[in-house]
Structures are given as C-alpha cells and as structure tokens.
$ cat query_21.txt   # compact mmCIF, C-alpha atoms
# COMPACT_ATOMS: atom_id res chain seq x y z
CA MET S 15 -61.47 -32.10 94.85
CA ARG S 16 -64.31 -32.70 92.47
CA ARG S 17 -63.90 -35.29 89.70
CA GLY S 18 -64.72 -32.80 86.97
CA ALA S 19 -61.96 -30.43 88.18
CA LYS S 20 -59.33 -33.12 88.09
CA ARG S 21 -60.20 -34.05 84.51
CA LYS S 22 -59.89 -30.40 83.47
CA THR S 23 -56.47 -30.09 85.01
CA LYS S 24 -55.22 -33.11 83.12
CA GLN S 25 -56.49 -31.71 79.82
CA ASP S 26 -54.71 -28.44 80.50
CA GLN S 27 -51.43 -30.23 81.06
CA GLU S 28 -51.76 -32.16 77.79
CA ALA S 29 -52.50 -28.93 75.90
CA LYS S 30 -49.41 -27.25 77.38
CA HIS S 31 -47.24 -30.23 76.37
CA VAL S 32 -48.46 -30.09 72.75
CA ALA S 33 -47.84 -26.32 72.62
CA ALA S 34 -44.33 -26.77 73.98
CA GLU S 35 -43.56 -29.39 71.31
CA ASP S 36 -44.84 -27.04 68.60
CA ASN S 37 -42.67 -24.19 69.88
CA LYS S 38 -39.66 -26.49 69.97
CA THR S 39 -40.29 -27.45 66.34
CA GLU S 40 -40.64 -23.81 65.21
CA ALA S 41 -37.47 -22.78 67.04
CA GLN S 42 -35.30 -25.17 65.03
CA PRO S 43 -33.44 -23.16 62.31
CA ARG S 44 -33.68 -24.19 58.65
CA ALA S 45 -30.72 -26.07 57.22
CA LYS S 46 -28.54 -23.73 55.07
CA ARG S 47 -27.50 -24.72 51.55
CA ALA S 48 -23.85 -25.35 51.12
CA LYS S 49 -22.26 -22.62 48.97
CA THR S 50 -20.23 -23.84 46.00
CA SER S 51 -17.05 -21.83 45.59
CA LYS S 52 -16.32 -20.65 42.02
CA PRO S 53 -12.87 -21.55 40.72
CA GLN S 54 -10.75 -18.41 40.35
CA SER S 55 -9.59 -17.89 36.72
CA GLU S 56 -6.10 -16.78 35.88
CA PRO S 57 -5.90 -13.03 35.11
CA GLU S 58 -5.47 -12.25 31.39
CA TYR S 59 -2.70 -9.95 30.30
CA PHE S 60 -2.82 -8.08 26.99
CA GLU S 61 0.26 -6.52 25.48
CA ASP S 62 -0.15 -2.77 25.13
CA LYS S 63 -0.45 -1.62 21.55
CA ARG S 64 2.23 0.74 20.33
CA ASN S 65 1.08 4.18 19.29
CA LEU S 66 2.04 3.76 15.60
CA GLU S 67 1.74 -0.02 15.46
CA ASP S 68 -0.75 -0.13 12.56
CA LEU S 69 0.82 2.69 10.52
CA TRP S 70 2.33 0.39 7.88
CA LYS S 71 -0.92 -1.56 7.51
CA GLU S 72 -2.99 1.59 7.08
CA THR S 73 -0.74 2.67 4.20
CA PHE S 74 -2.19 1.30 0.94
CA PRO S 75 0.27 -0.96 -1.00
CA VAL S 76 -0.12 0.67 -4.41
CA GLY S 77 0.10 -1.64 -7.42
CA THR S 78 -0.45 -4.88 -5.50
CA GLU S 79 -2.90 -7.33 -7.07
CA TRP S 80 -6.14 -7.49 -5.12
CA ASP S 81 -6.07 -11.28 -4.77
CA GLN S 82 -2.52 -11.10 -3.35
CA LEU S 83 -3.23 -8.62 -0.54
CA ASP S 84 -4.01 -11.30 2.04
CA THR S 85 -0.68 -13.01 1.38
CA VAL S 86 1.11 -9.78 2.35
CA TYR S 87 -0.49 -9.81 5.80
CA GLN S 88 -0.04 -13.53 6.51
CA TYR S 89 3.27 -12.77 8.25
CA LYS S 90 3.80 -10.65 11.35
CA TRP S 91 6.03 -8.05 9.71
CA ASP S 92 7.82 -5.78 12.16
CA PHE S 93 7.99 -2.12 11.15
CA SER S 94 9.24 -0.83 14.48
CA ASN S 95 11.98 0.97 12.53
CA LEU S 96 9.28 3.09 10.88
CA GLU S 97 7.72 3.80 14.27
CA ASN S 98 11.08 4.73 15.78
CA ALA S 99 11.75 7.15 12.91
CA PHE S 100 9.04 9.42 14.36
CA GLU S 101 10.62 9.38 17.83
CA GLU S 102 13.04 12.03 19.02
CA ASP S 103 16.33 11.82 17.08
CA GLY S 104 14.54 9.80 14.34
CA VAL S 105 14.82 10.85 10.68
CA LEU S 106 11.09 11.77 10.56
CA TYR S 107 10.78 13.39 13.99
CA GLY S 108 8.79 16.62 13.93
CA LYS S 109 8.47 16.63 10.13
CA LYS S 110 5.52 16.63 7.75
CA VAL S 111 5.53 13.22 6.09
CA TYR S 112 3.57 11.57 3.29
CA LEU S 113 3.60 7.75 3.20
CA PHE S 114 2.67 5.21 0.57
CA GLY S 115 3.16 1.45 0.45
CA CYS S 116 4.36 -0.98 -2.18
CA THR S 117 5.19 -4.68 -2.43
CA GLU S 118 8.13 -6.48 -4.01
CA PRO S 119 8.14 -10.20 -4.92
CA GLN S 120 11.44 -11.70 -3.74
CA LEU S 121 12.87 -15.18 -3.27
CA VAL S 122 13.68 -15.46 0.45
CA MET S 123 14.25 -18.10 3.10
CA PHE S 124 11.74 -18.67 5.91
CA LYS S 125 11.96 -21.51 8.41
CA GLY S 126 14.38 -23.43 6.24
CA GLU S 127 12.26 -23.15 3.10
CA SER S 128 12.94 -21.04 0.02
CA LYS S 129 9.85 -19.29 -1.35
CA VAL S 130 8.71 -16.23 -3.31
CA VAL S 131 7.15 -13.74 -0.92
CA LEU S 132 5.48 -10.38 -1.48
CA ILE S 133 7.55 -8.14 0.78
CA PRO S 134 5.88 -4.93 1.97
CA ALA S 135 7.80 -1.65 2.02
CA VAL S 136 6.79 1.86 3.04
CA VAL S 137 8.08 5.02 1.34
CA ALA S 138 8.16 8.20 3.41
CA VAL S 139 8.33 11.54 1.60
CA VAL S 140 9.36 14.49 3.76
CA SER S 141 7.66 17.51 2.21
CA PRO S 142 5.72 20.61 3.31
CA PHE S 143 3.00 19.77 0.75
CA PRO S 144 1.69 16.58 -0.96
CA PRO S 145 4.32 15.31 -3.42
CA SER S 146 1.63 14.70 -6.03
CA ASP S 147 -2.11 14.30 -6.51
CA LYS S 148 -1.70 11.95 -9.47
CA ILE S 149 -1.19 8.25 -10.18
CA GLY S 150 0.73 6.75 -13.10
CA ILE S 151 -0.75 3.70 -14.84
CA ASN S 152 1.63 1.71 -16.99
CA SER S 153 2.55 -1.86 -17.90
CA VAL S 154 4.26 -3.86 -20.61
CA GLN S 155 0.84 -4.76 -22.03
CA ARG S 156 -0.34 -1.13 -22.23
CA GLU S 157 0.92 0.77 -25.26
CA ALA S 158 0.94 4.17 -23.52
CA GLU S 159 1.10 5.26 -19.90
CA GLU S 160 -1.67 7.27 -18.27
CA ILE S 161 -1.24 9.97 -15.66
CA VAL S 162 -4.58 10.38 -13.87
CA PRO S 163 -5.83 12.16 -10.73
CA MET S 164 -5.58 9.98 -7.62
CA LYS S 165 -9.29 10.40 -6.93
CA GLN S 166 -10.09 8.74 -10.26
CA MET S 167 -8.65 5.55 -8.71
CA LYS S 168 -10.35 6.28 -5.35
CA MET S 169 -7.03 7.21 -3.73
CA ASP S 170 -6.09 10.26 -1.70
CA TRP S 171 -3.78 11.55 1.03
CA VAL S 172 -5.53 11.33 4.39
CA PRO S 173 -4.27 12.20 7.89
CA TYR S 174 -3.05 9.31 10.01
CA ILE S 175 -4.03 9.53 13.66
CA PRO S 176 -1.90 7.58 16.19
CA LEU S 177 -3.83 5.17 18.42
CA GLU S 178 -3.80 7.40 21.49
CA GLY S 179 -5.35 10.34 19.62
CA ARG S 180 -8.18 8.70 17.65
CA ASP S 181 -10.90 10.06 19.90
CA SER S 182 -9.71 13.63 19.40
CA GLN S 183 -10.77 15.81 16.48
CA VAL S 184 -8.01 18.27 17.39
CA ASP S 185 -5.30 15.65 16.70
CA ARG S 186 -6.90 14.95 13.34
CA LEU S 187 -6.60 18.61 12.32
CA LYS S 188 -2.98 19.04 13.37
CA SER S 189 -1.68 15.72 12.05
CA GLN S 190 1.79 15.78 10.50
CA ILE S 191 1.52 12.26 9.08
CA PHE S 192 -0.44 11.62 5.88
CA ILE S 193 -0.95 8.24 4.23
CA LEU S 194 -2.02 7.27 0.72
CA SER S 195 -5.37 5.57 1.23
CA CYS S 196 -7.69 3.72 -1.16
CA THR S 197 -11.43 3.60 -0.56
CA GLN S 198 -12.18 0.97 -3.22
CA ARG S 199 -14.06 -1.79 -1.39
CA ARG S 200 -12.79 -5.28 -2.11
CA SER S 201 -16.33 -6.64 -1.87
CA ALA S 202 -17.30 -4.50 -4.87
CA LEU S 203 -14.43 -5.66 -7.12
CA LYS S 204 -16.60 -8.30 -8.79
CA HIS S 205 -18.72 -5.51 -10.25
CA LEU S 206 -15.74 -3.79 -11.94
CA LYS S 207 -14.87 -4.29 -15.59
CA LEU S 208 -11.67 -6.25 -16.19
CA ASP S 209 -9.79 -3.25 -17.65
CA ARG S 210 -10.70 -1.11 -14.63
CA LEU S 211 -9.67 -3.89 -12.26
CA LYS S 212 -6.32 -4.36 -14.00
CA LYS S 213 -5.55 -0.65 -13.75
CA TYR S 214 -5.09 -1.01 -9.99
CA GLU S 215 -2.33 -3.55 -10.58
CA TYR S 216 -0.46 -1.14 -12.87
CA CYS S 217 -0.69 1.90 -10.58
CA LEU S 218 2.45 3.72 -9.45
CA PRO S 219 2.54 6.79 -7.19
CA TYR S 220 3.42 9.65 -9.54
CA PHE S 221 6.02 12.32 -8.82
CA TYR S 222 7.32 15.11 -11.03
CA GLN S 223 10.66 16.65 -10.09
CA PRO S 224 11.04 19.80 -12.22
CA PHE S 225 14.74 20.15 -11.38
CA LYS S 226 15.63 16.72 -12.71
CA GLU S 227 15.41 15.58 -16.31
CA ASP S 228 13.21 12.50 -16.27
CA GLU S 229 13.45 9.27 -18.27
CA LEU S 230 10.96 10.47 -20.86
CA GLU S 231 13.14 13.43 -21.86
CA GLN S 232 16.26 11.28 -22.12
CA SER S 233 14.82 8.14 -23.69
CA THR S 234 15.39 7.30 -27.35
CA GLU S 235 13.36 4.10 -27.12
CA VAL S 236 9.79 3.49 -28.21
CA GLN S 237 7.58 0.55 -27.37
CA ILE S 238 6.24 -1.06 -30.55
CA ILE S 239 3.08 -3.14 -30.63
CA TYR S 240 2.46 -3.74 -34.31
CA PRO S 241 -0.84 -5.46 -35.22
CA ALA S 242 0.62 -8.00 -37.65
CA GLU S 243 -0.88 -11.34 -38.69
CA PRO S 244 -0.96 -14.09 -37.51
CA LYS S 245 0.37 -12.53 -34.28
CA PRO S 246 1.29 -8.98 -33.17
CA VAL S 247 4.93 -7.86 -33.07
CA PHE S 248 6.12 -6.71 -29.64
CA CYS S 249 9.51 -4.96 -29.58
CA GLU S 250 11.50 -1.89 -28.57
CA PHE S 251 13.11 0.40 -31.12
CA ASP S 252 15.97 2.76 -30.15
CA TRP S 253 16.42 5.48 -32.74
CA GLU S 254 19.75 6.68 -31.18
CA LEU S 255 19.45 10.27 -32.45
CA ASP S 256 20.62 12.98 -30.10
CA GLU S 257 19.28 15.97 -31.98
CA LEU S 258 15.97 16.67 -33.70
CA GLU S 259 17.89 17.82 -36.80
CA ALA S 260 19.84 14.56 -37.01
CA SER S 261 19.77 12.84 -40.38
CA TYR S 262 16.58 11.00 -41.20
CA ALA S 263 18.74 9.01 -43.62
CA HIS S 264 20.48 7.57 -40.59
CA LEU S 265 17.08 6.79 -39.04
CA PHE S 266 16.05 5.02 -42.23
CA TYR S 267 19.31 3.01 -42.18
CA ILE S 268 18.96 1.71 -38.62
CA LEU S 269 15.25 1.07 -39.14
CA GLN S 270 16.07 -0.97 -42.25
CA GLU S 271 18.52 -3.09 -40.25
CA PHE S 272 15.99 -3.49 -37.46
CA THR S 273 13.25 -4.62 -39.87
CA ASP S 274 15.56 -7.06 -41.68
CA LYS S 275 16.42 -8.68 -38.36
CA LEU S 276 12.75 -9.14 -37.47
CA THR S 277 12.17 -10.71 -40.88
CA GLU S 278 15.09 -13.12 -40.39
CA GLU S 279 13.66 -14.13 -37.03
CA GLU S 280 10.29 -14.69 -38.73
CA GLU S 281 8.61 -12.14 -36.51
CA LEU S 282 7.67 -10.17 -39.60
CA SER S 283 6.87 -11.28 -43.16
CA GLU S 284 8.41 -9.69 -46.29
CA ASP S 285 5.15 -8.13 -47.41
CA GLN S 286 4.71 -6.42 -44.01
CA LYS S 287 8.13 -4.70 -43.92
CA ASP S 288 7.18 -1.39 -45.59
CA ALA S 289 4.03 -0.91 -43.53
CA PHE S 290 5.94 -1.79 -40.38
CA LYS S 291 8.65 0.82 -41.11
CA GLU S 292 6.02 3.53 -41.61
CA PHE S 293 4.36 2.48 -38.36
CA VAL S 294 7.67 2.77 -36.44
CA LYS S 295 8.47 6.15 -38.01
CA GLY S 296 5.15 7.45 -36.72
CA LYS S 297 5.96 6.20 -33.22
CA VAL S 298 9.39 7.86 -33.34
CA ARG S 299 7.83 11.19 -34.34
CA GLU S 300 5.34 10.91 -31.45
CA ALA S 301 8.12 10.08 -28.99
CA LYS S 302 10.34 12.96 -30.12
CA LYS S 303 7.40 15.35 -29.84
CA ALA S 304 6.64 14.09 -26.31
CA ASN S 305 10.30 14.57 -25.32
CA ARG S 306 10.31 18.12 -26.64
CA GLU S 307 7.02 18.98 -24.88
CA ALA S 308 8.29 17.50 -21.61
CA ARG S 309 11.44 19.66 -21.73
CA GLU S 310 9.38 22.77 -22.46
CA ALA S 311 6.88 21.98 -19.69
CA ARG S 312 9.68 21.51 -17.16
CA LYS S 313 11.31 24.80 -18.16
CA LYS S 314 7.99 26.63 -17.86
CA ALA S 315 7.21 25.05 -14.47
CA ILE S 316 10.54 26.26 -13.05
CA GLU S 317 10.03 29.78 -14.42
CA GLU S 318 6.58 30.09 -12.81
CA MET S 319 7.59 28.53 -9.50
CA SER S 320 7.93 30.63 -6.34
CA GLU S 321 11.20 30.62 -4.42
CA GLU S 322 9.46 28.92 -1.50
CA THR S 323 8.25 26.07 -3.72
CA LYS S 324 11.69 25.73 -5.31
CA ALA S 325 13.25 25.39 -1.87
CA ALA S 326 10.62 22.77 -0.91
CA PHE S 327 11.37 20.62 -3.98
CA GLU S 328 15.10 20.85 -3.40
CA SER S 329 14.76 19.84 0.27
CA MET S 330 12.42 16.87 -0.30
CA ARG S 331 13.76 13.57 1.01
CA PHE S 332 12.63 10.01 0.27
CA TYR S 333 13.07 7.23 2.85
CA LYS S 334 12.27 3.60 2.12
CA PHE S 335 11.45 1.30 5.04
CA TYR S 336 11.62 -2.49 4.99
CA PRO S 337 10.48 -4.70 7.88
CA VAL S 338 13.17 -5.50 10.45
CA GLN S 339 14.21 -9.08 11.07
CA SER S 340 11.91 -11.08 13.34
CA PRO S 341 11.25 -14.80 13.96
CA ASP S 342 7.66 -14.46 12.68
CA ALA S 343 8.53 -13.26 9.16
CA PRO S 344 11.07 -13.92 6.39
CA ASP S 345 14.45 -12.22 6.58
CA VAL S 346 14.61 -9.47 3.90
CA SER S 347 18.01 -8.04 4.78
CA ASN S 348 19.59 -9.33 1.54
CA VAL S 349 16.92 -8.10 -0.88
CA LYS S 350 16.57 -4.42 0.05
CA SER S 351 16.71 -1.94 -2.82
CA PRO S 352 16.75 1.87 -2.86
CA PHE S 353 14.65 1.92 -6.07
CA ILE S 354 11.10 3.18 -5.51
CA ASN S 355 9.57 3.45 -8.99
CA ARG S 356 10.27 5.10 -12.35
CA TYR S 357 8.82 8.44 -11.17
CA TYR S 358 10.45 8.74 -7.76
CA GLY S 359 13.71 7.07 -8.73
CA LYS S 360 15.82 6.02 -5.75
CA ALA S 361 15.37 6.71 -2.05
CA HIS S 362 17.87 8.95 -0.29
CA GLU S 363 18.08 6.35 2.48
CA VAL S 364 16.95 2.76 2.99
CA LEU S 365 16.08 1.65 6.51

$ encode --input "query_21.txt" --output "structure tokens"
Amino acid sequence: MRRGAKRKTKQDQEAKHVAAEDNKTEAQPRAKRAKTSKPQSEPEYFEDKRNLEDLWKETFPVGTEWDQLDTVYQYKWDFSNLENAFEEDGVLYGKKVYLFGCTEPQLVMFKGESKVVLIPAVVAVVSPFPPSDKIGINSVQREAEEIVPMKQMKMDWVPYIPLEGRDSQVDRLKSQIFILSCTQRRSALKHLKLDRLKKYEYCLPYFYQPFKEDELEQSTEVQIIYPAEPKPVFCEFDWELDELEASYAHLFYILQEFTDKLTEEEELSEDQKDAFKEFVKGKVREAKKANREAREARKKAIEEMSEETKAAFESMRFYKFYPVQSPDAPDVSNVKSPFINRYYGKAHEVL
C-alpha cells in the first residue's frame, strides 16, 4: 500500500470520530426546568343574599337627622320578620303595600352596656293606592305646621324590586311593594340653607283619614310664642270651650288667670299683660277657625268620595315592624310602641 493512501485512511478515521462525538453531543436532551407547584387556596363561600334582605335599608327613615343616619346602620339589625310578612301566610302576602321608615331614640342594653340608640322601624300601609302624597313639617320650635307635597322635599313612592328581579323591567312594572324614597344627596347638604336642612329633621309622613276626627278638630290648645323682652314667652294655652258660641267672658276669665300666673313666675312683666292677652285671643280665634274649616273639609271629602274609595280607606291597615332580637344588635323587645306619628296614630299591629 502506498504511503499517501495510508495517511488518507487515518485522516478519514479521525474525521469520523469527531463527527460521532458531535452527534453524541447533539443527541443529549436539554435539562427540563423543575415546575413549582402552586399552593391550592381554600374555596371561598359566600352566604346567599335573601330576596328582600335590603328592603328595610332602602326605605328612607323620615325625620332622622342627617348626621345621625350612619349611627342607625352601625348595627346589623335583623328585619327577617318584615321579609317573612311577604311570604305565604304572612300579613302582607299578595297585598299592595307602601312602606316608610322612622327612627326612635331609646335607652337599651347592648353587650352589658346601657346606651341611647336610634332604633329603626318600618311602617307598612296596606292600601290599593298611595296613602298620601304629602309630608307634614312640624316641631316645637316652629310656630305652625306645614303640609307640603312630598316632591318638595325630594321624596316619593317608588317601586321596590326584590334582588332576584332587578334585571327585569317587567318586575318593575308589576311591583306590589312601594317604598318612600328620598333623592336628596347627602354630599349636597352643605349647600342647603339651615332652615331647609332643618326641615328634613321635622318631617313626618302625612296621612288624612276622613272617617276619623283628627287632633286638630278636637284640640282646644294653642302654641304661644310671644315676642316679649328680654326673652320670648313659650307656652300652651287651653281655652277649654266646647262650642263656638261659648261665653267670651269665660275666655277672658281663664285668660286673666293664665296671664297672672305668668306674671307671678316672672315670665311676663306687668306692662306686657294687656298686649299678651290680645295676642293670645288672636291665636284662639285662628285655632277655632282652623278647627271649623277642618270639620267642614272632612265632611265635604266624605260626600264627594266614591264608594270604592270609602271601602279602601276603611280597609287600610298599618303594621309597624321592629328588628328581631339578634346577637349583633341591641334588644328592642321592651321598647316597642304602636304609635307611628300624630297623623297615622297607632298601628293595627306591631311585629
């Protein structure tokens, strides 16, 4: 064999060895990254909301001071009794109902501590039509009450839609539950005048029952705010006269006694007595005129009323709901009252 051929064969063998090493290197798989397993979190469970769970909160608490509203909702009040009333066999089942809220300051015990708490209550009026479209505004500081349209105070009856039906316009149209709502934004309160702001605190849902003589027709008392110096005289005067034709001599006699007593108590000076008596007489005349007009208006309303409307008024029922006892809120079982307000009087049933 020639020398050149032998050298070539050796080179070929070296080349094959290098190629084999390269193939061996390429055939080795890449090292895989170790996968880090994510820790499995515990499944979260949310308690299903009840269909009417927010009904009491959606009902505006008429007459509550704006700066006290948050204190009403600081407790987890349980109004399941109100919710159950709309269930089968409940007092409100299948009926057209109008609801409004109110609050009552009461001294109650909670977690071993005695404190004054604003207790929420909900009044349900069973009626085929809205019980009223007006609001009464009255207080000790105001000389005369006002009866104004609800909308003047940004209040109105609006349909309440249960949670399961809030995506349906059909449910909104056929709602049988209406709540008294207020659209006054709390963020805009700072722009209101003080007198306007205070009116909200003195609001009471108004109701006129033509088949029942109200307090105005029966009352023989007048509120007196006499602008005397150095300070005004605040008092009530009861003229105690049953008939319009009753003796004005008797009125003068009891007014004289009343004025003498104020003078003895140094509420009124001697030189103010005559002017004060004339002022009170004027108030008595106004009150007697208002009583007479109220009686005439009630008589006229009944005469012009249809039989259907008469039947509706006579069948109206008022139910007052307080929160039921729960560990998350004060116990109100000992402070429940059937009284609603001076217009509605007392509830037929307290729950």

$ residues_around --input "query_21.txt" --residues "Cys217 of chain S" --least-positions-apart "3" --cutoff "6 Å" --atoms "only C-alpha atoms" --output "ChimeraX atom specification"
/S:77,150-151,214

$ closest_residue --input "query_21.txt" --among "S:Glu215, S:Glu292, S:Asp345, S:Glu322" --to "Ile149 of chain S" --atoms "all atoms listed in the file"
S:Glu215

$ atom_distance --input "query_21.txt" --atom1 "atom CA of Pro224 of chain S" --atom2 "atom CA of Tyr107 of chain S"
27.0 Å

$ closest_residue --input "query_21.txt" --among "S:Leu69, S:Ala304, S:Ile193, S:Val139" --to "Glu97 of chain S" --atoms "all atoms listed in the file"
S:Leu69

$ atom_distance --input "query_21.txt" --atom1 "atom CA of Glu72 of chain S" --atom2 "atom CA of Ser195 of chain S"
7.5 Å

$ atom_distance --input "query_21.txt" --atom1 "atom CA of Val86 of chain S" --atom2 "atom CA of Cys116 of chain S"
10.4 Å

$ closest_residue --input "query_21.txt" --among "S:Ser340, S:Gln82, S:Ser146, S:Thr323" --to "Tyr358 of chain S" --atoms "all atoms listed in the file"
S:Ser146

$ closest_residue --input "query_21.txt" --among "S:Asn355, S:Ser141, S:Gln198, S:Gln166" --to "Trp80 of chain S" --atoms "only C-alpha atoms"
S:Gln198

$ closest_residue --input "query_21.txt" --among "S:Gly126, S:Lys165, S:Ala202, S:Thr273" --to "Ala289 of chain S" --atoms "only C-alpha atoms"
S:Thr273

$ residues_around --input "query_21.txt" --residues "Met330 of chain S" --least-positions-apart "3" --cutoff "9 Å" --atoms "all atoms listed in the file" --output "JSON, numbers by chain"
{"S": [139, 140, 141, 142, 145, 325, 326, 327]}

$ closest_residue --input "query_21.txt" --among "S:Tyr87, S:Tyr216, S:Phe114, S:Tyr222" --to "Trp171 of chain S" --atoms "only C-alpha atoms"
S:Phe114

$ residues_around --input "query_21.txt" --residues "Ser94 of chain S" --least-positions-apart "2" --cutoff "10 Å" --atoms "all atoms listed in the file" --output "ChimeraX atom specification"
/S:64,66-67,69-70,91-92,96-99,335-338

$ residues_near_point --input "query_21.txt" --point "(-7.7, 10.3, 5.8)" --cutoff "12 Å" --atoms "only C-alpha atoms" --output "PyMOL selection string"
chain S and resi 72-74+112-113+169-175+180+186-187+189-197
